[in-house]
Amino acid sequence: MTTDDSNRPADHLDRDQVDRELDERLHRLLTERAEGVRATADIGQVLAAADRPLPSAHRSRLFYVGSVAAAVLVILAGIGVVGLIGEEPTVLEQPADQPVEPSTTTVLTTVSSTTEPSTTVSSTTTEQQPADCPPGQLPVEDGCRPPSTTTTTAGVSTSVVTSVVTSSTTTTTTTGG
Amino acid sequence: MIDTDALHSDGVADDGKDRKDRNGRDFTAFYHAQFPAQLRRAAVLARSADEAADAVQQAFVDVYRRWSDLADPDRYLSRAVVNRCRDGGRRASARDRLRLRLVREPSVPVSEVPLADEELWAALGGLPFNQRAAIVLRYYGGHSEAEIAELLDCSTGSVGPWISRGLARLRRELER
């Protein structure tokens with residue numbers, strides 16, 4: 001591989017010359033351009049701008065403060081509602097001269113599986129024992145009664161819920177020919 | 001229309017003499033000493049005298065707000081001016097720009113001399129900001145690469161390549 005080195009010094013000199021000319025042009029251009037700018041210093045603008053907030057800034061600040069206050073109020077209101085809900089319910093006492101009827105509570109639970117429909121029903125019945133009988137009444141099995149009155153029997157209701165879940169699987173096989 | 005006299009009489013200090021930096025200098029003296037040079041350099045960085053005036057004033061606002069805390073206000077101001085010029089004022093918050101416009105009454109009078117070397121000026125304007133700024137700071141400000149790196153907030157090793165690539169591109173543009 002051969003190269004012609006005879007022109008390299010001349011090229012180098014040309015390049016240096018171009019660089020020097022560009023350097024001079026840049027220096028002159030930038031100096032003339034910069035020195036030609038005239039402006040009157042006005043420190044009042046700077047001080048006023050630094051110290052005086054804009055009306056829009058006031059508005060945004062008020063909006064921010066208002067938003068925070070509203071959020072706090074909402075939180076406090078939520079806490080108040082939760083507190084009311086969480087309070088223990090007031091117990092209403094049964095009138096002393098009335099017999100307490102037995103109450104019945106039924107709990108139904110349904111469990112389903114994908115293979116066979118199944119239903120589970122559980123029922124629990126609780127009979128509340130009568131309170132102490134007022135004077136003049138006799139304690140009986142399901143409450144109190146005066147010596148010569150008719151016994152009231154409470155009924156027990158039972159509900160049954162049946163749930164059926166059916167699953168099916170279809171398999172299709174295609175054979176190409 | 002904003003009455004600047006009213007602004008000044010409304011609790012705003014008329015000058016910055018009551019503000020001292022850590023070295024005991026007052027802001028007014030600092031402002032008047034720095035403003036002309038900062039404006040000239042900003043004018044060639046931002047390529048617009050109006051943009052330069054905005055950038056310098058906004059940078060002074062930044063300095064004024066931190067005046068009592070700054071250990072080296074000159075350095076902080078120079079970097080602030082370069083940063084403002086970098087984005088052509090876009091980085092300036094709308095609030096600050098609006099403030100300056102509202103209180104600018106009358107506006108800062110800015111004049112520019114007719115440009116002698118339009119071709120080179122146009123080619124310089126086509127360079128990316130970092131290349132152009134590095135060239136301006138070297139050829140106008142006479143700054144070293146380390147100083148340029150500090151002003152542009154970059155590593156010293158980046159400055160040399162920026163200048164070389166910028167000059168090469170200028171040569172190509174001028175040879176066309």
# chains A, B, ... in the order shown; residues from 1 in each chain; ligands from 1

$ residues_around --residues "Pro36 of chain B" --least-positions-apart "6" --cutoff "12 Å" --atoms "only C-alpha atoms" --output "list in words"
Ala34, Glu35, Gly36, Val37, Arg38, Ala39, Thr40, Ala41 and Asp42 of chain A; Phe30, Ala42, Ala43, Ala52, Ala53, Val56, Gln57 and Val110 of chain B

$ interface_residues --of "chain A" --to "chain B" --cutoff "8 Å" --atoms "only C-alpha atoms" --output "VMD selection string"
chain A and resid 22 to 23 25 to 27 29 to 54 57

$ closest_residue --among "B:Glu150, B:Glu145, B:Trp162, B:Glu173" --to "Tyr76 of chain B" --atoms "only C-alpha atoms"
B:Glu150

$ atom_distance --atom1 "atom CA of Glu175 of chain B" --atom2 "atom CA of Asp14 of chain A"
13.2 Å

$ closest_residue --among "B:Ser144, B:Gly24, B:Gly160, B:Leu151" --to "Leu77 of chain B" --atoms "only C-alpha atoms"
B:Leu151

$ residues_around --residues "Leu152 of chain B" --least-positions-apart "4" --cutoff "9 Å" --atoms "only C-alpha atoms" --output "JSON, numbers by chain"
{"B": [79, 82, 83, 130, 133, 134, 147, 148, 159]}

$ atom_distance --atom1 "atom CA of Leu62 of chain A" --atom2 "atom CA of Val74 of chain A"
18.2 Å
